[in-house]
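A.B. asks: coords-v9.csv (CSV, N, CA and C atoms) pasted underneath:
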chain,number,residue,atom,x,y,z
B,177,MET,N,-18.2,1.5,-0.8
B,177,MET,CA,-16.8,1.2,-0.5
B,177,MET,C,-16.1,0.8,-1.7
B,178,ASP,N,-16.6,0.1,-2.7
B,178,ASP,CA,-15.9,-0.3,-3.9
B,178,ASP,C,-15.5,0.9,-4.7
B,179,GLN,N,-16.2,2.0,-4.6
B,179,GLN,CA,-15.8,3.2,-5.3
B,179,GLN,C,-14.6,3.8,-4.8
B,180,LEU,N,-14.4,3.8,-3.4
B,180,LEU,CA,-13.2,4.3,-2.8
B,180,LEU,C,-12.0,3.5,-3.1
B,181,PHE,N,-12.1,2.2,-2.9
B,181,PHE,CA,-11.0,1.3,-3.1
B,181,PHE,C,-11.0,0.7,-4.6
B,182,THR,N,-10.0,1.2,-5.3
B,182,THR,CA,-10.0,0.8,-6.8
B,182,THR,C,-9.3,-0.5,-7.0
B,183,ASP,N,-8.4,-1.0,-6.1
B,183,ASP,CA,-7.7,-2.2,-6.3
B,183,ASP,C,-7.8,-3.1,-5.1
B,184,ALA,N,-7.9,-4.4,-5.3
B,184,ALA,CA,-8.0,-5.3,-4.2
B,184,ALA,C,-7.5,-6.7,-4.6
B,185,THR,N,-7.0,-7.4,-3.6
B,185,THR,CA,-6.6,-8.8,-3.8
B,185,THR,C,-6.8,-9.5,-2.5
B,186,GLU,N,-7.0,-10.9,-2.6
B,186,GLU,CA,-7.3,-11.7,-1.4
B,186,GLU,C,-6.3,-12.8,-1.3
B,187,THR,N,-5.8,-13.1,-0.1
B,187,THR,CA,-4.9,-14.2,0.1
B,187,THR,C,-5.3,-14.8,1.5
B,188,ARG,N,-5.7,-16.1,1.4
B,188,ARG,CA,-6.0,-16.9,2.6
B,188,ARG,C,-7.0,-16.1,3.5
B,189,GLY,N,-8.0,-15.5,2.9
B,189,GLY,CA,-9.1,-14.9,3.7
B,189,GLY,C,-8.7,-13.5,4.1
B,190,ILE,N,-7.6,-13.0,3.7
B,190,ILE,CA,-7.2,-11.6,4.1
B,190,ILE,C,-7.2,-10.8,2.8
B,191,THR,N,-8.1,-9.7,2.8
B,191,THR,CA,-8.2,-8.9,1.6
B,191,THR,C,-7.5,-7.6,1.8
B,192,VAL,N,-6.7,-7.2,0.9
B,192,VAL,CA,-6.0,-5.9,0.9
B,192,VAL,C,-6.7,-5.0,-0.2
B,193,ARG,N,-7.2,-3.9,0.3
B,193,ARG,CA,-7.8,-2.9,-0.7
B,193,ARG,C,-7.0,-1.6,-0.7
B,194,VAL,N,-6.9,-1.0,-1.8
B,194,VAL,CA,-6.1,0.2,-2.0
B,194,VAL,C,-6.8,1.3,-2.7
B,195,SER,N,-6.7,2.5,-2.2
B,195,SER,CA,-7.2,3.8,-2.8
B,195,SER,C,-6.0,4.7,-2.9
B,196,VAL,N,-5.8,5.4,-4.0
B,196,VAL,CA,-4.7,6.3,-4.2
B,196,VAL,C,-5.2,7.7,-4.5
B,197,SER,N,-4.5,8.7,-4.0
B,197,SER,CA,-4.8,10.1,-4.3
B,197,SER,C,-3.5,10.8,-4.6
B,198,TYR,N,-3.5,11.6,-5.7
B,198,TYR,CA,-2.3,12.4,-6.1
B,198,TYR,C,-2.4,13.7,-5.2
B,199,LEU,N,-1.3,14.1,-4.6
B,199,LEU,CA,-1.3,15.3,-3.8
B,199,LEU,C,-0.6,16.5,-4.4
B,200,PRO,N,-1.3,17.3,-5.2
B,200,PRO,CA,-0.6,18.4,-5.9
B,200,PRO,C,0.1,19.4,-4.9
B,201,GLU,N,-0.4,19.5,-3.7
B,201,GLU,CA,0.1,20.5,-2.7
B,201,GLU,C,1.5,20.0,-2.2
B,202,GLN,N,1.8,18.7,-2.3
B,202,GLN,CA,3.0,18.2,-1.8
B,202,GLN,C,4.0,17.8,-3.0
B,203,SER,N,3.5,18.1,-4.2
B,203,SER,CA,4.3,17.8,-5.4
B,203,SER,C,5.0,19.1,-6.0
B,204,GLU,N,6.1,18.9,-6.6
B,204,GLU,CA,6.8,20.0,-7.2
B,204,GLU,C,7.4,19.5,-8.6
B,205,PRO,N,6.4,19.4,-9.6
B,205,PRO,CA,6.9,18.9,-10.9
B,205,PRO,C,8.1,19.6,-11.5
B,206,SER,N,8.2,20.9,-11.2
B,206,SER,CA,9.3,21.7,-11.8
B,206,SER,C,10.6,21.2,-11.2
B,207,ARG,N,10.6,20.5,-10.0
B,207,ARG,CA,11.8,20.0,-9.4
B,207,ARG,C,11.8,18.5,-9.5
B,208,GLY,N,11.0,17.9,-10.3
B,208,GLY,CA,11.0,16.4,-10.5
B,208,GLY,C,10.5,15.7,-9.3
B,209,ARG,N,9.4,16.2,-8.6
B,209,ARG,CA,8.9,15.5,-7.5
B,209,ARG,C,7.4,15.4,-7.6
B,210,TRP,N,6.8,14.2,-7.5
B,210,TRP,CA,5.4,14.0,-7.5
B,210,TRP,C,5.1,13.2,-6.3
B,211,PHE,N,3.9,13.4,-5.6
B,211,PHE,CA,3.6,12.7,-4.4
B,211,PHE,C,2.2,12.2,-4.3
B,212,TRP,N,2.1,11.0,-3.9
B,212,TRP,CA,0.7,10.4,-3.7
B,212,TRP,C,0.5,9.9,-2.3
B,213,ALA,N,-0.7,9.9,-1.9
B,213,ALA,CA,-1.1,9.3,-0.6
B,213,ALA,C,-1.9,8.0,-1.0
B,214,TYR,N,-1.7,6.9,-0.3
B,214,TYR,CA,-2.4,5.7,-0.5
B,214,TYR,C,-3.1,5.3,0.8
B,215,HIS,N,-4.3,4.8,0.7
B,215,HIS,CA,-5.1,4.4,1.8
B,215,HIS,C,-5.3,2.9,1.7
B,216,ILE,N,-4.8,2.1,2.7
B,216,ILE,CA,-4.9,0.7,2.6
B,216,ILE,C,-5.9,0.2,3.7
B,217,ARG,N,-6.8,-0.7,3.3
B,217,ARG,CA,-7.7,-1.4,4.2
B,217,ARG,C,-7.3,-2.9,4.2
B,218,ILE,N,-7.0,-3.5,5.3
B,218,ILE,CA,-6.8,-4.9,5.4
B,218,ILE,C,-7.9,-5.5,6.1
B,219,GLU,N,-8.7,-6.4,5.5
B,219,GLU,CA,-9.9,-7.0,6.0
B,219,GLU,C,-9.6,-8.5,6.3
B,220,ASN,N,-10.0,-9.0,7.4
B,220,ASN,CA,-9.8,-10.4,7.8
B,220,ASN,C,-11.1,-11.1,7.7
B,221,SER,N,-11.3,-11.9,6.7
B,221,SER,CA,-12.5,-12.8,6.6
B,221,SER,C,-12.2,-14.2,6.9
B,222,SER,N,-11.0,-14.5,7.5
B,222,SER,CA,-10.6,-15.8,7.9
B,222,SER,C,-11.2,-16.1,9.3
B,223,ALA,N,-10.9,-17.3,9.8
B,223,ALA,CA,-11.4,-17.7,11.1
B,223,ALA,C,-10.4,-17.5,12.2
B,224,VAL,N,-9.2,-17.0,11.9
B,224,VAL,CA,-8.2,-16.8,12.9
B,224,VAL,C,-7.8,-15.3,13.0
B,225,THR,N,-7.3,-14.9,14.2
B,225,THR,CA,-6.7,-13.6,14.3
B,225,THR,C,-5.3,-13.6,13.7
B,226,VAL,N,-5.0,-12.6,12.9
B,226,VAL,CA,-3.7,-12.5,12.3
B,226,VAL,C,-3.0,-11.2,12.8
B,227,GLN,N,-1.6,-11.2,12.7
B,227,GLN,CA,-0.8,-10.0,13.0
B,227,GLN,C,0.1,-9.7,11.9
B,228,LEU,N,0.1,-8.5,11.4
B,228,LEU,CA,0.9,-8.0,10.4
B,228,LEU,C,2.3,-7.7,11.0
B,229,LEU,N,3.3,-8.5,10.5
B,229,LEU,CA,4.6,-8.3,11.1
B,229,LEU,C,5.5,-7.4,10.3
B,230,THR,N,5.6,-7.6,9.0
B,230,THR,CA,6.5,-6.8,8.1
B,230,THR,C,5.8,-6.5,6.8
B,231,ARG,N,6.4,-5.5,6.1
B,231,ARG,CA,5.9,-5.1,4.8
B,231,ARG,C,7.1,-5.1,3.8
B,232,HIS,N,6.7,-5.4,2.6
B,232,HIS,CA,7.7,-5.4,1.5
B,232,HIS,C,7.1,-4.8,0.3
B,233,TRP,N,7.6,-3.6,-0.1
B,233,TRP,CA,7.1,-2.9,-1.3
B,233,TRP,C,8.1,-2.9,-2.4
B,234,ILE,N,7.5,-2.9,-3.6
B,234,ILE,CA,8.3,-2.7,-4.8
B,234,ILE,C,7.7,-1.5,-5.5
B,235,ILE,N,8.5,-0.4,-5.6
B,235,ILE,CA,8.0,0.9,-6.1
B,235,ILE,C,8.7,1.1,-7.4
B,236,THR,N,8.0,1.2,-8.5
B,236,THR,CA,8.6,1.4,-9.9
B,236,THR,C,8.2,2.8,-10.4
B,237,ASP,N,9.2,3.6,-10.8
B,237,ASP,CA,8.8,4.9,-11.4
B,237,ASP,C,8.6,4.8,-12.9
B,238,GLY,N,8.2,5.9,-13.5
B,238,GLY,CA,7.9,5.9,-14.9
B,238,GLY,C,9.0,5.5,-15.9
B,239,ARG,N,10.2,5.5,-15.4
B,239,ARG,CA,11.4,5.2,-16.2
B,239,ARG,C,11.7,3.7,-16.0
B,240,GLY,N,11.0,3.0,-15.1
B,240,GLY,CA,11.2,1.6,-14.9
B,240,GLY,C,12.2,1.3,-13.7
B,241,ALA,N,12.7,2.4,-13.1
B,241,ALA,CA,13.6,2.2,-11.9
B,241,ALA,C,12.8,1.6,-10.8
B,242,ARG,N,13.3,0.6,-10.2
B,242,ARG,CA,12.6,-0.1,-9.0
B,242,ARG,C,13.3,0.2,-7.7
B,243,HIS,N,12.5,0.4,-6.7
B,243,HIS,CA,13.0,0.7,-5.4
B,243,HIS,C,12.3,-0.2,-4.4
B,244,THR,N,13.0,-0.9,-3.6
B,244,THR,CA,12.4,-1.8,-2.6
B,244,THR,C,12.4,-1.2,-1.2
B,245,VAL,N,11.2,-1.3,-0.5
B,245,VAL,CA,11.1,-0.8,0.8
B,245,VAL,C,10.7,-2.0,1.7
B,246,GLU,N,11.4,-2.3,2.8
B,246,GLU,CA,11.1,-3.3,3.7
B,246,GLU,C,11.1,-2.8,5.1
B,247,GLY,N,10.3,-3.3,6.0
B,247,GLY,CA,10.4,-2.9,7.3
B,247,GLY,C,9.3,-3.6,8.2
B,248,GLU,N,9.4,-3.3,9.5
B,248,GLU,CA,8.5,-3.8,10.4
B,248,GLU,C,7.2,-3.1,10.4
B,249,GLY,N,6.1,-3.8,10.4
B,249,GLY,CA,4.7,-3.3,10.5
B,249,GLY,C,4.4,-2.2,9.4
B,250,VAL,N,3.4,-1.4,9.8
B,250,VAL,CA,3.0,-0.3,8.9
B,250,VAL,C,2.7,0.9,9.8
B,251,VAL,N,3.1,2.1,9.4
B,251,VAL,CA,2.9,3.3,10.2
B,251,VAL,C,3.2,3.1,11.7
B,252,GLY,N,4.3,2.4,11.9
B,252,GLY,CA,4.7,2.3,13.3
B,252,GLY,C,3.9,1.2,14.1
B,253,GLU,N,3.1,0.4,13.5
B,253,GLU,CA,2.3,-0.5,14.2
B,253,GLU,C,2.4,-1.9,13.6
B,254,GLN,N,2.2,-2.9,14.4
B,254,GLN,CA,2.1,-4.3,13.9
B,254,GLN,C,0.7,-4.8,14.4
B,255,PRO,N,-0.3,-4.4,13.6
B,255,PRO,CA,-1.7,-4.6,14.1
B,255,PRO,C,-2.1,-6.1,14.2
B,256,MET,N,-2.9,-6.4,15.2
B,256,MET,CA,-3.6,-7.6,15.3
B,256,MET,C,-5.0,-7.4,14.6
B,257,ILE,N,-5.4,-8.3,13.8
B,257,ILE,CA,-6.7,-8.1,13.1
B,257,ILE,C,-7.5,-9.4,13.3
B,258,GLY,N,-8.6,-9.3,14.0
B,258,GLY,CA,-9.4,-10.4,14.4
B,258,GLY,C,-10.3,-10.8,13.2
B,259,PRO,N,-10.9,-12.0,13.3
B,259,PRO,CA,-11.9,-12.4,12.3
B,259,PRO,C,-13.0,-11.4,12.2
B,260,GLY,N,-13.3,-11.0,10.9
B,260,GLY,CA,-14.4,-10.0,10.7
B,260,GLY,C,-14.0,-8.5,10.9
B,261,ALA,N,-12.7,-8.3,11.4
B,261,ALA,CA,-12.2,-7.0,11.6
B,261,ALA,C,-11.4,-6.5,10.4
B,262,SER,N,-11.1,-5.2,10.5
B,262,SER,CA,-10.2,-4.6,9.5
B,262,SER,C,-9.3,-3.6,10.1
B,263,PHE,N,-8.2,-3.2,9.4
B,263,PHE,CA,-7.3,-2.2,9.8
B,263,PHE,C,-7.0,-1.3,8.7
B,264,ASP,N,-7.1,0.0,8.9
B,264,ASP,CA,-6.9,1.0,7.9
B,264,ASP,C,-5.7,1.8,8.2
B,265,TYR,N,-4.9,2.3,7.2
B,265,TYR,CA,-3.9,3.2,7.4
B,265,TYR,C,-3.7,4.0,6.1
B,266,VAL,N,-3.0,5.2,6.3
B,266,VAL,CA,-2.7,6.0,5.1
B,266,VAL,C,-1.2,6.3,5.2
B,267,SER,N,-0.6,6.2,4.0
B,267,SER,CA,0.9,6.5,3.9
B,267,SER,C,1.1,7.3,2.6
B,268,GLY,N,2.3,7.6,2.3
B,268,GLY,CA,2.6,8.3,1.1
B,268,GLY,C,3.8,7.8,0.3
B,269,CYS,N,3.9,8.2,-0.9
B,269,CYS,CA,5.0,7.8,-1.8
B,269,CYS,C,5.4,8.9,-2.7
B,270,PRO,N,6.6,9.4,-2.7
B,270,PRO,CA,7.1,10.3,-3.7
B,270,PRO,C,7.8,9.6,-4.8
B,271,LEU,N,7.7,10.2,-6.0
B,271,LEU,CA,8.4,9.7,-7.2
B,271,LEU,C,9.1,10.8,-7.9
B,272,ALA,N,10.1,10.5,-8.7
B,272,ALA,CA,10.8,11.4,-9.5
B,272,ALA,C,10.2,11.5,-10.9
B,273,THR,N,9.1,10.8,-11.2
B,273,THR,CA,8.4,10.8,-12.4
B,273,THR,C,6.9,11.0,-12.2
B,274,PRO,N,6.1,11.5,-13.1
B,274,PRO,CA,4.7,11.7,-12.9
B,274,PRO,C,3.8,10.4,-12.9
B,275,THR,N,4.5,9.3,-13.2
B,275,THR,CA,3.7,8.0,-13.2
B,275,THR,C,4.6,6.9,-12.6
B,276,GLY,N,4.0,5.9,-12.2
B,276,GLY,CA,4.7,4.7,-11.6
B,276,GLY,C,3.7,3.8,-11.0
B,277,ASN,N,4.2,2.8,-10.2
B,277,ASN,CA,3.3,1.9,-9.6
B,277,ASN,C,3.9,1.3,-8.3
B,278,MET,N,3.1,0.7,-7.5
B,278,MET,CA,3.5,0.0,-6.3
B,278,MET,C,2.8,-1.3,-6.2
B,279,GLN,N,3.5,-2.3,-5.6
B,279,GLN,CA,3.0,-3.6,-5.3
B,279,GLN,C,3.8,-4.2,-4.2
B,280,GLY,N,3.4,-5.3,-3.6
B,280,GLY,CA,4.2,-5.9,-2.6
B,280,GLY,C,3.4,-6.9,-1.8
B,281,ASN,N,3.9,-7.1,-0.5
B,281,ASN,CA,3.2,-8.1,0.4
B,281,ASN,C,3.4,-7.7,1.8
B,282,TYR,N,2.5,-8.2,2.6
B,282,TYR,CA,2.7,-8.2,4.1
B,282,TYR,C,3.0,-9.6,4.6
B,283,HIS,N,3.9,-9.7,5.5
B,283,HIS,CA,4.2,-11.0,6.1
B,283,HIS,C,3.4,-11.0,7.4
B,284,MET,N,2.5,-12.1,7.6
B,284,MET,CA,1.6,-12.2,8.7
B,284,MET,C,1.8,-13.5,9.4
B,285,ILE,N,1.4,-13.5,10.7
B,285,ILE,CA,1.4,-14.7,11.4
B,285,ILE,C,0.0,-14.9,12.0
B,286,GLY,N,-0.6,-16.1,11.9
B,286,GLY,CA,-1.9,-16.4,12.5
B,286,GLY,C,-1.8,-16.8,13.9
B,287,GLU,N,-2.9,-16.7,14.7
B,287,GLU,CA,-2.8,-17.1,16.1
B,287,GLU,C,-2.6,-18.6,16.2
B,288,ASP,N,-2.7,-19.4,15.1
B,288,ASP,CA,-2.4,-20.8,15.1
B,288,ASP,C,-0.9,-21.0,14.8
B,289,GLY,N,-0.1,-19.9,14.7
B,289,GLY,CA,1.3,-20.1,14.5
B,289,GLY,C,1.7,-20.1,13.0
B,290,SER,N,0.8,-20.2,12.1
B,290,SER,CA,1.1,-20.2,10.7
B,290,SER,C,1.6,-18.9,10.2
B,291,ALA,N,2.7,-18.8,9.5
B,291,ALA,CA,3.2,-17.6,8.9
B,291,ALA,C,3.0,-17.6,7.4
B,292,PHE,N,2.6,-16.5,6.8
B,292,PHE,CA,2.3,-16.5,5.4
B,292,PHE,C,2.4,-15.0,4.9
B,293,ASP,N,2.5,-14.9,3.6
B,293,ASP,CA,2.5,-13.6,2.9
B,293,ASP,C,1.2,-13.3,2.3
B,294,VAL,N,0.8,-12.0,2.5
B,294,VAL,CA,-0.5,-11.6,1.9
B,294,VAL,C,-0.1,-10.6,0.8
B,295,ALA,N,-0.6,-10.8,-0.4
B,295,ALA,CA,-0.3,-9.9,-1.5
B,295,ALA,C,-1.0,-8.6,-1.4
B,296,ILE,N,-0.2,-7.5,-1.8
B,296,ILE,CA,-0.8,-6.2,-1.9
B,296,ILE,C,-0.9,-6.0,-3.4
B,297,PRO,N,-2.2,-5.6,-3.9
B,297,PRO,CA,-2.4,-5.5,-5.3
B,297,PRO,C,-1.5,-4.4,-5.9
B,298,LYS,N,-1.1,-4.6,-7.2
B,298,LYS,CA,-0.3,-3.6,-7.9
B,298,LYS,C,-1.3,-2.5,-8.2
B,299,PHE,N,-0.8,-1.2,-7.9
B,299,PHE,CA,-1.7,-0.1,-8.2
B,299,PHE,C,-0.9,1.0,-8.8
B,300,ALA,N,-1.5,1.8,-9.7
B,300,ALA,CA,-0.9,2.8,-10.5
B,300,ALA,C,-0.8,4.1,-9.7
B,301,LEU,N,0.4,4.8,-9.9
B,301,LEU,CA,0.5,6.2,-9.4
B,301,LEU,C,0.6,7.1,-10.6
B,302,THR,N,-0.4,7.9,-10.8
B,302,THR,CA,-0.5,8.6,-12.1
B,302,THR,C,-0.9,10.1,-11.7
B,303,ALA,N,-0.1,11.0,-12.0
B,303,ALA,CA,-0.4,12.4,-11.8
B,303,ALA,C,-1.3,12.9,-12.9
B,304,PRO,N,-2.3,13.7,-12.6
B,304,PRO,CA,-3.1,14.3,-13.7
B,304,PRO,C,-2.3,15.1,-14.6
B,305,ALA,N,-2.7,15.1,-15.9
B,305,ALA,CA,-2.0,16.0,-16.9
B,305,ALA,C,-2.4,17.5,-16.6
B,306,VAL,N,-1.4,18.3,-16.5
B,306,VAL,CA,-1.6,19.7,-16.2
B,306,VAL,C,-1.3,20.5,-17.5
B,307,ALA,N,-2.3,21.4,-17.9
B,307,ALA,CA,-2.0,22.2,-19.1
B,307,ALA,C,-1.0,23.3,-18.7
B,308,GLU,N,-0.1,23.4,-19.6
B,308,GLU,CA,1.0,24.4,-19.4
B,308,GLU,C,0.6,25.8,-19.8
If you took the structure in this file and wrote it as C-alpha cells, what would it be?
C.D. replies:
Amino acid sequence: MDQLFTDATETRGITVRVSVSYLPEQSEPSRGRWFWAYHIRIENSSAVTVQLLTRHWIITDGRGARHTVEGEGVVGEQPMIGPGASFDYVSGCPLATPTGNMQGNYHMIGEDGSAFDVAIPKFALTAPAVAE
C-alpha cells in the first residue's frame, strides 16, 4: 500500500493518503492543458465515527497562480467513516502548466459532535518530460 500512496498525513486519528497519476490521454500540452487523476484514501484509526462534510483545496500551477476549490463532500458524497474503516475516491485536476501542486483540508464532524479539519498532504502534479 505504501508504494501506491506517495503522500500521507494524519490529524486526530484520521489519515489522508494520496496517489497521483498523470493522464496523457486527457492532456493537450500543445493547447496548454495537462491533466492528473488523484486517488485519495481516508482512514479512520480514531475511536469515533466521522463524517466528511466539506472540502477545501488550494491548487497552485507552475507559475505560482493559486486557485481555491471549496464545496460539500467529495465526488457527490459526504461519507461516514467508522473506526477502522476507510473511504476511497478518485478525482481529477487540470492545469495550464506541466507542473503544480495541491493541498488542503476536509472539514469533518465526529459522532460526539466535535468538528475539526483534517489536513490533506501537499502533493506534486508533475507531467513527465516528453522528447520533442
A.B. asks: Please return, as a list in words, all polymer residues that have at least one atom within 8 Å of the point (-5.5, -11.3, -0.7); use all atoms listed in the file and the file's own coordinate frame.
C.D. replies: Ala184, Thr185, Glu186, Thr187, Arg188, Gly189, Ile190, Thr191, Val192, Arg193, Asp293, Val294, Ala295, Ile296 and Pro297 of chain B
A.B. asks: Filtering to N, CA and C atoms, could you give me those residues as a CSV table (one decimal), in the frame of the given file?
C.D. replies:
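Writing the result to part-v4.csv gives the following:
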chain,number,residue,atom,x,y,z
B,184,ALA,N,-7.9,-4.4,-5.3
B,184,ALA,CA,-8.0,-5.3,-4.2
B,184,ALA,C,-7.5,-6.7,-4.6
B,185,THR,N,-7.0,-7.4,-3.6
B,185,THR,CA,-6.6,-8.8,-3.8
B,185,THR,C,-6.8,-9.5,-2.5
B,186,GLU,N,-7.0,-10.9,-2.6
B,186,GLU,CA,-7.3,-11.7,-1.4
B,186,GLU,C,-6.3,-12.8,-1.3
B,187,THR,N,-5.8,-13.1,-0.1
B,187,THR,CA,-4.9,-14.2,0.1
B,187,THR,C,-5.3,-14.8,1.5
B,188,ARG,N,-5.7,-16.1,1.4
B,188,ARG,CA,-6.0,-16.9,2.6
B,188,ARG,C,-7.0,-16.1,3.5
B,189,GLY,N,-8.0,-15.5,2.9
B,189,GLY,CA,-9.1,-14.9,3.7
B,189,GLY,C,-8.7,-13.5,4.1
B,190,ILE,N,-7.6,-13.0,3.7
B,190,ILE,CA,-7.2,-11.6,4.1
B,190,ILE,C,-7.2,-10.8,2.8
B,191,THR,N,-8.1,-9.7,2.8
B,191,THR,CA,-8.2,-8.9,1.6
B,191,THR,C,-7.5,-7.6,1.8
B,192,VAL,N,-6.7,-7.2,0.9
B,192,VAL,CA,-6.0,-5.9,0.9
B,192,VAL,C,-6.7,-5.0,-0.2
B,193,ARG,N,-7.2,-3.9,0.3
B,193,ARG,CA,-7.8,-2.9,-0.7
B,193,ARG,C,-7.0,-1.6,-0.7
B,293,ASP,N,2.5,-14.9,3.6
B,293,ASP,CA,2.5,-13.6,2.9
B,293,ASP,C,1.2,-13.3,2.3
B,294,VAL,N,0.8,-12.0,2.5
B,294,VAL,CA,-0.5,-11.6,1.9
B,294,VAL,C,-0.1,-10.6,0.8
B,295,ALA,N,-0.6,-10.8,-0.4
B,295,ALA,CA,-0.3,-9.9,-1.5
B,295,ALA,C,-1.0,-8.6,-1.4
B,296,ILE,N,-0.2,-7.5,-1.8
B,296,ILE,CA,-0.8,-6.2,-1.9
B,296,ILE,C,-0.9,-6.0,-3.4
B,297,PRO,N,-2.2,-5.6,-3.9
B,297,PRO,CA,-2.4,-5.5,-5.3
B,297,PRO,C,-1.5,-4.4,-5.9
A.B. asks: Looking at B:Phe211, B:Tyr198, B:Phe299, B:Tyr282, which one is nearest to B:Glu246, with distances taken over only C-alpha atoms?
C.D. replies: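 Among the listed residues, the smallest separation from B:Glu246 belongs to B:Tyr282.
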A.B. asks: Tell me, in Å to one decimal, how far atom CA of B:Gly240 is from atom CA of B:Thr273.
C.D. replies: 9.9 Å
A.B. asks: Counting only N, CA and C atoms, figure out which residue out of B:His243, B:His283, B:Asp288, B:Val194 gets nearest to B:Arg217.
C.D. replies: B:Val194
A.B. asks: When you draw a straight line from atom C of B:Thr275 to atom CA of B:Ser262, how long is it in Å?
C.D. replies: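 Atom C of B:Thr275 sits 29.0 Å away from atom CA of B:Ser262.
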A.B. asks: Grab stretch 205-221 of chain B from that structure and dump N, CA and C atoms to a file, as a short mmCIF file (atom, residue, chain, number, x, y, z; two decimals), in the first residue's frame.
C.D. replies:
data_model
loop_
_atom_site.label_atom_id
_atom_site.label_comp_id
_atom_site.auth_asym_id
_atom_site.auth_seq_id
_atom_site.Cartn_x
_atom_site.Cartn_y
_atom_site.Cartn_z
N PRO B 205 -0.88 19.22 -24.22
CA PRO B 205 0.18 20.21 -23.97
C PRO B 205 0.27 21.29 -25.04
N SER B 206 -0.03 20.96 -26.30
CA SER B 206 0.02 21.96 -27.36
C SER B 206 -1.03 23.05 -27.16
N ARG B 207 -2.05 22.75 -26.37
CA ARG B 207 -3.10 23.73 -26.06
C ARG B 207 -2.99 24.25 -24.62
N GLY B 208 -1.88 23.92 -23.95
CA GLY B 208 -1.69 24.39 -22.59
C GLY B 208 -2.61 23.73 -21.59
N ARG B 209 -2.81 22.42 -21.73
CA ARG B 209 -3.67 21.68 -20.79
C ARG B 209 -3.00 20.38 -20.40
N TRP B 210 -2.79 20.21 -19.10
CA TRP B 210 -2.26 18.98 -18.53
C TRP B 210 -3.27 18.48 -17.51
N PHE B 211 -3.43 17.15 -17.40
CA PHE B 211 -4.48 16.60 -16.53
C PHE B 211 -3.95 15.44 -15.70
N TRP B 212 -4.30 15.46 -14.42
CA TRP B 212 -3.91 14.40 -13.50
C TRP B 212 -5.15 13.82 -12.83
N ALA B 213 -5.06 12.53 -12.47
CA ALA B 213 -6.05 11.90 -11.60
C ALA B 213 -5.37 11.72 -10.24
N TYR B 214 -6.13 11.91 -9.18
CA TYR B 214 -5.58 11.63 -7.86
C TYR B 214 -6.54 10.71 -7.11
N HIS B 215 -5.94 9.75 -6.41
CA HIS B 215 -6.67 8.75 -5.64
C HIS B 215 -6.45 9.10 -4.17
N ILE B 216 -7.53 9.31 -3.45
CA ILE B 216 -7.46 9.65 -2.03
C ILE B 216 -8.01 8.48 -1.22
N ARG B 217 -7.31 8.12 -0.16
CA ARG B 217 -7.83 7.16 0.83
C ARG B 217 -7.85 7.85 2.18
N ILE B 218 -9.02 7.88 2.80
CA ILE B 218 -9.18 8.47 4.13
C ILE B 218 -9.40 7.31 5.10
N GLU B 219 -8.48 7.16 6.04
CA GLU B 219 -8.52 6.05 7.00
C GLU B 219 -8.83 6.58 8.39
N ASN B 220 -9.76 5.92 9.07
CA ASN B 220 -10.13 6.34 10.41
C ASN B 220 -9.57 5.37 11.44
N SER B 221 -8.52 5.80 12.14
CA SER B 221 -7.98 4.97 13.23
C SER B 221 -8.36 5.56 14.59
#
